[in-house]
Amino acid sequence: MDFLSSAEKKVSYSDYDRIKEQIKDAIDIVELVSRFVPLRRVGRHYVGRCPWHDDSRPSLQVNPERQSYRCWVCNVGGDIFSFIMQMEKVDFKGALEILADMTGIELPKAKRERKETSRERKKTDDPNDELHESEVDDAPQPIDRRTLFNTMDWVQKQYHEALLTLAEAEHARIYLKERGINEQSLRDFRIGYSPLDGSWLMNKVGNQPRRIECLEVAGVLARYKDEEKNTERVYDRFRGRLMFPIRDTQDRTVAFGGRILPNSSLKSSAKYVNSPETPIFSKSKQLYGLDIARLTMQKTKRALIMEGYTDAIMAHQCGVGDAVAILGTALGSEHVKILKRFAEKMVLVLDGDEAGQKRANEVLELFVAQGADLTILTLPAGADPCDFLLEQGKEHFEELLRQQGIDALEHAFRTVTRNVNLEKDIVGSSKALDSLLSLIAAAPTNLGGADDPVQLRLEKTIGRLAQRFQIAETEVRKRLKQWKDRKKNAVDYSVDEEAIPQETYSQSGWAPDALEREMLELWFADPTTFEELDNTIPDDWIQSPLTKKIQSLWRETLLEEPECSFGKILIRFDAPVVKNLLVDMDESASEKGLGPKMDAEKRQQLITQIIQGFSRRDHKRRTNKGLSDLKDESLSKEEKQRMLREMLDSRRQ
Ligand SMILES: [Zn+2]
């Protein structure tokens, strides 16, 4: 067997390809897909319910041998890279980073512009080992991201365990029970408790400096300096609090929210304390519960945004699986961007109080600016989402959303016209219209042409405003344009990276036709057929740019390695559309029973068939070309006769 890792072989691949190979070798697709979808083995495949459509029976197939996946209903497939691209709605670079993080393989700095010294480490189950490992290092060096993830994972487990077992945590357990949060939610959301003793965690890590440093960099420990006495003290930032781990979409704990408990003996007055910004946590990029909710969101295409952690937990508990919560008061444009990756519609769920209403106006521009489809649901006065869900259940909640949910613009309209008499107060209504137009002017326009949903919404909005304010549509348009011009000068428009495809396969004819597909399928199924076909078929008989590219990659690989294979080709392409096509060909080849186990006769027969097919196709092409050449007026009579003779000769062959 092959014991050299691909990195050690002399292959003329670029570093980039080598990294991709390393990552592919380190991650098993079955294990990766199982993180999202439960799989079971059926024959030589694993099957599970497809995460991208409402799948009543397992349509997702994972092929461990080919390290590929495919859903026959959605007609999508690919490898680990395209799986993550689709699952996490990231581009290829994003997928590469996520997978690299999983394996601990370091991406070249140019590919990953982060100042970090992530070193390759062996995977250990006990994060303490990880902490220990870094401690053994002689020179003091910065703590890398991987260690921080492990640290946070370890801390989260300690807090969770403390909540379940410590006598001191009894009042926390009672609080959760009173709020109606059940055992399952407690485990799903890994809720924890941080003991009152501010050095509890430090004692747990044996007061070792390197480990304490990890905890401090991770934001769990805080440092208190007494300037007067010139002393310093390190303590648990979250001591005595109920702990809500904040987890990223790769299921890693990156931060905590700590809630004070009723009747707490803590002197702190803050109801919530959140982790500070750390190398692995940015408040503007995380949402509470997204690790769990994003799977449901991809099916409901909706994201419910709640204000409190317990609101989101209760929503999940009641079967509303697409709920997340914001971290404290900050909802920013990054959050909207992230949610747009997973959901088409957003619903902001607000308490019925004044503060909630004010907040709605603050975030509105944010959603409008990104062209997000936003509905605002205000709960009946006095109700908070957690209690409402607990008392009324999912059905009532969804019903309330259907009846009371109003779109963002309507909400804004109601707010700005609350104390204005639209018929009599000319100045007031003009002001109200202007404040709405200034909001709408922030929306992106002409992104996708006339049938772009954002554009359609804008058109409808203009009509509605004209009607509501009883002025002409042309007047609304004129004023909107003035606002847009003003914004244009004020706002720096940044380019949306996601809108630019990394590889363009837009020209027609890039994909192989039936004949070339037949050849590629045979290569993938039985790589030993490559040589004869490659030697016999002249290069200019191949038409599709993709077939040409595969052929040249195959040749290139054979110069350096004894064999090429489907997997080696698959990894060289980044575009999901190509990966999808390659997996489709590979799977249909195996359906047809092609493979190295075919008997020699069948194998030869297939090769001959394909060669004949190419020859026929080329002949047809030349005849067609000949016939059109014959129409050329500049040719002499002799030349035309010679060409005709040649054509007839070749037909007789
Ligand atoms: Zn599917």
# chains A, B, ... in the order shown; residues from 1 in each chain; ligands from 1
call {"tool": "residues_around", "arguments": {"residues": "stretch 296-304 of chain A", "least_positions_apart": "5", "cutoff": "8 Å", "atoms": "only C-alpha atoms", "output": "PyMOL selection string"}}
result
chain A and resi 51-54+321-324+339+342-349
call {"tool": "closest_atom_pairs", "arguments": {"of": "chain A", "to": "ligand 1", "cutoff": "9 Å", "atoms": "only C-alpha atoms and all ligand atoms", "output": "tab-separated table"}}
result
residue	atom	partner	partner_atom_place_in_ligand_line	distance
A:Arg49	CA	ligand 1	1 (Zn)	7.7
A:Cys50	CA	ligand 1	1 (Zn)	4.5
A:Pro51	CA	ligand 1	1 (Zn)	6.5
A:Trp52	CA	ligand 1	1 (Zn)	5.0
A:His53	CA	ligand 1	1 (Zn)	4.6
A:Asp54	CA	ligand 1	1 (Zn)	7.4
A:Asp55	CA	ligand 1	1 (Zn)	6.7
A:Pro58	CA	ligand 1	1 (Zn)	8.9
A:Ser59	CA	ligand 1	1 (Zn)	6.3
A:Leu60	CA	ligand 1	1 (Zn)	6.4
A:Arg70	CA	ligand 1	1 (Zn)	8.1
A:Cys71	CA	ligand 1	1 (Zn)	4.7
A:Trp72	CA	ligand 1	1 (Zn)	6.6
A:Val73	CA	ligand 1	1 (Zn)	5.0
A:Cys74	CA	ligand 1	1 (Zn)	4.1
A:Asn75	CA	ligand 1	1 (Zn)	7.0
A:Val76	CA	ligand 1	1 (Zn)	7.3
call {"tool": "write_last_selection", "arguments": {"atoms": "C-alpha atoms", "output": "short mmCIF file (atom, residue, chain, number, x, y, z; two decimals), in the first residue's frame"}}
result
data_model
loop_
_atom_site.label_atom_id
_atom_site.label_comp_id
_atom_site.auth_asym_id
_atom_site.auth_seq_id
_atom_site.Cartn_x
_atom_site.Cartn_y
_atom_site.Cartn_z
CA ARG A 49 -31.70 12.48 4.90
CA CYS A 50 -30.63 15.26 2.60
CA PRO A 51 -30.09 18.54 4.50
CA TRP A 52 -31.09 20.65 1.49
CA HIS A 53 -34.58 19.47 0.72
CA ASP A 54 -37.47 18.25 2.79
CA ASP A 55 -36.41 14.66 2.67
CA PRO A 58 -32.83 9.05 2.79
CA SER A 59 -31.87 10.52 -0.59
CA LEU A 60 -28.37 11.60 0.33
CA ARG A 70 -24.76 13.01 -3.91
CA CYS A 71 -28.45 13.77 -3.48
CA TRP A 72 -30.47 12.36 -6.33
CA VAL A 73 -33.42 14.61 -5.66
CA CYS A 74 -31.55 17.90 -5.48
CA ASN A 75 -29.15 16.67 -8.14
CA VAL A 76 -26.15 17.96 -6.26
#
call {"tool": "closest_atom_pairs", "arguments": {"of": "stretch 586-622 of chain A", "to": "stretch 628-648 of chain A", "cutoff": "12 Å", "atoms": "only C-alpha atoms", "output": "JSON lines"}}
result
{"residue": "A:His619", "atom": "CA", "partner": "A:Met647", "partner_atom": "CA", "distance": 9.3}
{"residue": "A:Lys620", "atom": "CA", "partner": "A:Met647", "partner_atom": "CA", "distance": 10.5}
{"residue": "A:Arg621", "atom": "CA", "partner": "A:Ser628", "partner_atom": "CA", "distance": 10.8}
{"residue": "A:Arg622", "atom": "CA", "partner": "A:Met647", "partner_atom": "CA", "distance": 8.4}
call {"tool": "write_last_selection", "arguments": {"atoms": "N, CA and C atoms", "output": "PDB file, in the first residue's frame"}}
result
ATOM      1  N   HIS A 619     -15.267  12.813 -38.481  1.00  0.00           N
ATOM      2  CA  HIS A 619     -15.558  12.708 -39.896  1.00  0.00           C
ATOM      3  C   HIS A 619     -16.697  13.652 -40.276  1.00  0.00           C
ATOM      4  N   LYS A 620     -17.723  13.613 -39.433  1.00  0.00           N
ATOM      5  CA  LYS A 620     -18.886  14.451 -39.682  1.00  0.00           C
ATOM      6  C   LYS A 620     -18.480  15.926 -39.692  1.00  0.00           C
ATOM      7  N   ARG A 621     -17.618  16.254 -38.743  1.00  0.00           N
ATOM      8  CA  ARG A 621     -17.179  17.645 -38.636  1.00  0.00           C
ATOM      9  C   ARG A 621     -16.442  18.080 -39.910  1.00  0.00           C
ATOM     10  N   ARG A 622     -15.538  17.132 -40.396  1.00  0.00           N
ATOM     11  CA  ARG A 622     -14.758  17.496 -41.570  1.00  0.00           C
ATOM     12  C   ARG A 622     -15.637  17.609 -42.811  1.00  0.00           C
TER      13      ARG A 622
END
call {"tool": "residues_around", "arguments": {"residues": "A:Thr528", "least_positions_apart": "2", "cutoff": "10 Å", "atoms": "only C-alpha atoms", "output": "list in words"}}
result
Leu522, Trp523, Phe524, Ala525, Asp526, Phe530, Glu531, Glu532, Leu533, Glu563, Cys564, Ser565, Gly595, Pro596 and Arg603 of chain A
call {"tool": "write_last_selection", "arguments": {"atoms": "C-alpha atoms", "output": "CSV table (one decimal), in the first residue's frame"}}
result
chain,number,residue,atom,x,y,z
A,522,LEU,CA,-14.7,4.9,-18.3
A,523,TRP,CA,-11.5,6.7,-17.1
A,524,PHE,CA,-13.0,7.4,-13.7
A,525,ALA,CA,-14.3,3.8,-13.3
A,526,ASP,CA,-11.2,2.1,-14.7
A,530,PHE,CA,-6.8,6.1,-20.0
A,531,GLU,CA,-3.7,5.2,-21.8
A,532,GLU,CA,-5.1,3.5,-24.9
A,533,LEU,CA,-7.9,6.1,-25.3
A,563,GLU,CA,-1.5,6.2,-11.6
A,564,CYS,CA,-4.2,8.8,-11.7
A,565,SER,CA,-7.7,8.4,-10.4
A,595,GLY,CA,-15.0,-0.6,-13.1
A,596,PRO,CA,-11.7,-2.5,-12.9
A,603,ARG,CA,-13.4,-3.4,-21.4
call {"tool": "closest_residue", "arguments": {"among": "A:Gln612, A:Thr378, A:Asn263, A:Gln317", "to": "A:Ala408", "atoms": "only C-alpha atoms"}}
result
A:Thr378
call {"tool": "residues_around", "arguments": {"residues": "A:Asp513", "least_positions_apart": "4", "cutoff": "12 Å", "atoms": "only C-alpha atoms", "output": "PDB file with C-alpha atoms, in the first residue's frame"}}
result
ATOM      1  CA  SER A 508     -21.908  27.189 -23.362  1.00  0.00           C
ATOM      2  CA  GLY A 509     -20.164  24.005 -24.361  1.00  0.00           C
ATOM      3  CA  ARG A 517     -18.782  11.875 -21.018  1.00  0.00           C
ATOM      4  CA  GLU A 518     -18.727   8.205 -21.903  1.00  0.00           C
ATOM      5  CA  MET A 519     -14.933   8.362 -22.125  1.00  0.00           C
ATOM      6  CA  LEU A 520     -14.540  10.241 -18.859  1.00  0.00           C
ATOM      7  CA  GLU A 521     -16.843   7.809 -17.077  1.00  0.00           C
ATOM      8  CA  ILE A 542     -11.794  16.566 -28.064  1.00  0.00           C
ATOM      9  CA  GLN A 543     -14.091  19.550 -27.881  1.00  0.00           C
ATOM     10  CA  SER A 544     -15.135  20.385 -24.331  1.00  0.00           C
ATOM     11  CA  PRO A 545     -12.727  22.587 -22.374  1.00  0.00           C
ATOM     12  CA  LEU A 546     -13.457  20.505 -19.290  1.00  0.00           C
ATOM     13  CA  THR A 547     -12.550  17.215 -20.992  1.00  0.00           C
ATOM     14  CA  LEU A 581     -20.642  17.007 -12.638  1.00  0.00           C
ATOM     15  CA  MET A 585     -20.271  10.923 -13.983  1.00  0.00           C
ATOM     16  CA  GLY A 613     -17.533   7.335 -31.806  1.00  0.00           C
ATOM     17  CA  PHE A 614     -14.826   9.991 -31.862  1.00  0.00           C
ATOM     18  CA  ARG A 617     -17.771  12.632 -34.977  1.00  0.00           C
TER      19      ARG A 617
END
call {"tool": "residues_around", "arguments": {"residues": "stretch 194-201 of chain A", "least_positions_apart": "3", "cutoff": "9 Å", "atoms": "only C-alpha atoms", "output": "compact mmCIF listing (two decimals) with C-alpha atoms, in the first residue's frame"}}
result
# COMPACT_ATOMS: atom_id res chain seq x y z
CA VAL A 155 -14.22 25.09 29.93
CA GLN A 158 -16.51 22.00 33.20
CA TYR A 159 -19.34 24.53 33.53
CA HIS A 160 -21.87 22.07 32.15
CA ALA A 162 -20.87 21.87 37.41
CA LEU A 163 -24.48 22.73 36.60
CA LEU A 166 -22.57 20.70 42.10
CA GLU A 168 -23.96 24.98 44.84
CA ALA A 169 -25.69 24.96 41.43
CA LYS A 204 -8.93 22.79 38.05
CA VAL A 205 -5.96 23.41 35.79
CA GLY A 206 -3.58 23.04 38.71
CA ASN A 207 -2.68 26.74 38.77
CA ILE A 212 -4.03 30.06 33.07
CA LEU A 215 -7.92 30.72 29.91
CA LEU A 221 -10.39 34.70 33.24
CA VAL A 234 -6.88 36.92 38.20
CA TYR A 235 -10.40 35.61 38.60
CA ASP A 236 -13.23 33.93 36.71
CA ARG A 237 -15.09 36.60 34.79
CA PHE A 238 -18.31 34.59 35.00
CA ARG A 239 -18.23 33.43 38.60
CA GLY A 240 -21.61 32.68 40.12
CA ARG A 241 -23.46 32.87 36.79
CA LEU A 242 -25.61 30.66 34.63
CA MET A 243 -23.52 29.95 31.54
CA GLY A 258 -23.20 34.52 31.73
CA SER A 265 -25.06 37.13 46.39
CA LEU A 266 -22.91 38.66 43.63
call {"tool": "select_by_dssp", "arguments": {"residues": "stretch 42-290 of chain A", "states": "strand (DSSP E)", "output": "PyMOL selection string"}}
result
chain A and resi 42+45-48+60-63+68-71+76-78+192-193+221-226+231-236+241-247+253-260+272-274
call {"tool": "residues_around", "arguments": {"residues": "A:Thr103", "least_positions_apart": "5", "cutoff": "8 Å", "atoms": "only C-alpha atoms", "output": "ChimeraX atom specification"}}
result
/A:23,26-27
call {"tool": "residues_around", "arguments": {"residues": "A:Phe388", "least_positions_apart": "5", "cutoff": "10 Å", "atoms": "only C-alpha atoms", "output": "list in words"}}
result
Asp311, Met314, Ala315, Leu379, Pro380, Gly382, Ala383, Gly393, Lys394, His396 and Phe397 of chain A
call {"tool": "select_by_dssp", "arguments": {"residues": "stretch 559-634 of chain A", "states": "helix (DSSP H, G or I)", "output": "NGL selection string"}}
result
:A and (559-560 or 566-570 or 576-591 or 600-630)
call {"tool": "write_last_selection", "arguments": {"atoms": "C-alpha atoms", "output": "CSV table (one decimal), in the first residue's frame"}}
result
chain,number,residue,atom,x,y,z
A,559,LEU,CA,4.4,12.0,-15.3
A,560,GLU,CA,5.0,12.0,-11.6
A,566,PHE,CA,-11.1,10.0,-10.0
A,567,GLY,CA,-10.2,11.4,-6.6
A,568,LYS,CA,-7.0,13.0,-7.9
A,569,ILE,CA,-9.0,14.7,-10.6
A,570,LEU,CA,-11.9,15.7,-8.4
A,576,PRO,CA,-18.9,23.2,-7.1
A,577,VAL,CA,-20.6,23.0,-10.5
A,578,VAL,CA,-17.6,21.0,-11.8
A,579,LYS,CA,-17.3,18.8,-8.7
A,580,ASN,CA,-21.0,18.1,-9.0
A,581,LEU,CA,-20.6,17.0,-12.6
A,582,LEU,CA,-17.6,14.8,-11.9
A,583,VAL,CA,-19.4,13.0,-9.1
A,584,ASP,CA,-22.4,12.6,-11.3
A,585,MET,CA,-20.3,10.9,-14.0
A,586,ASP,CA,-18.5,8.7,-11.5
A,587,GLU,CA,-21.7,7.5,-9.9
A,588,SER,CA,-23.4,6.9,-13.2
A,589,ALA,CA,-20.4,4.9,-14.3
A,590,SER,CA,-20.7,2.7,-11.3
A,591,GLU,CA,-24.4,2.3,-11.9
A,600,ALA,CA,-11.3,-7.9,-20.4
A,601,GLU,CA,-13.6,-8.4,-23.4
A,602,LYS,CA,-16.2,-5.8,-22.2
A,603,ARG,CA,-13.4,-3.4,-21.4
A,604,GLN,CA,-11.9,-3.6,-24.9
A,605,GLN,CA,-15.4,-3.4,-26.5
A,606,LEU,CA,-16.1,-0.1,-24.6
A,607,ILE,CA,-12.7,1.4,-25.6
A,608,THR,CA,-13.3,0.5,-29.3
A,609,GLN,CA,-16.8,1.9,-29.2
A,610,ILE,CA,-15.6,5.2,-27.9
A,611,ILE,CA,-12.7,5.5,-30.4
A,612,GLN,CA,-15.2,4.7,-33.2
A,613,GLY,CA,-17.5,7.3,-31.8
A,614,PHE,CA,-14.8,10.0,-31.9
A,615,SER,CA,-13.8,9.0,-35.3
A,616,ARG,CA,-17.4,9.3,-36.6
A,617,ARG,CA,-17.8,12.6,-35.0
A,618,ASP,CA,-14.6,14.0,-36.5
A,619,HIS,CA,-15.6,12.7,-39.9
A,620,LYS,CA,-18.9,14.5,-39.7
A,621,ARG,CA,-17.2,17.6,-38.6
A,622,ARG,CA,-14.8,17.5,-41.6
A,623,THR,CA,-17.5,16.8,-44.0
A,624,ASN,CA,-19.5,19.7,-42.8
A,625,LYS,CA,-16.5,21.9,-43.0
A,626,GLY,CA,-15.7,20.6,-46.5
A,627,LEU,CA,-19.1,21.4,-47.7
A,628,SER,CA,-19.0,24.9,-46.5
A,629,ASP,CA,-15.4,25.3,-47.9
A,630,LEU,CA,-16.7,24.2,-51.3
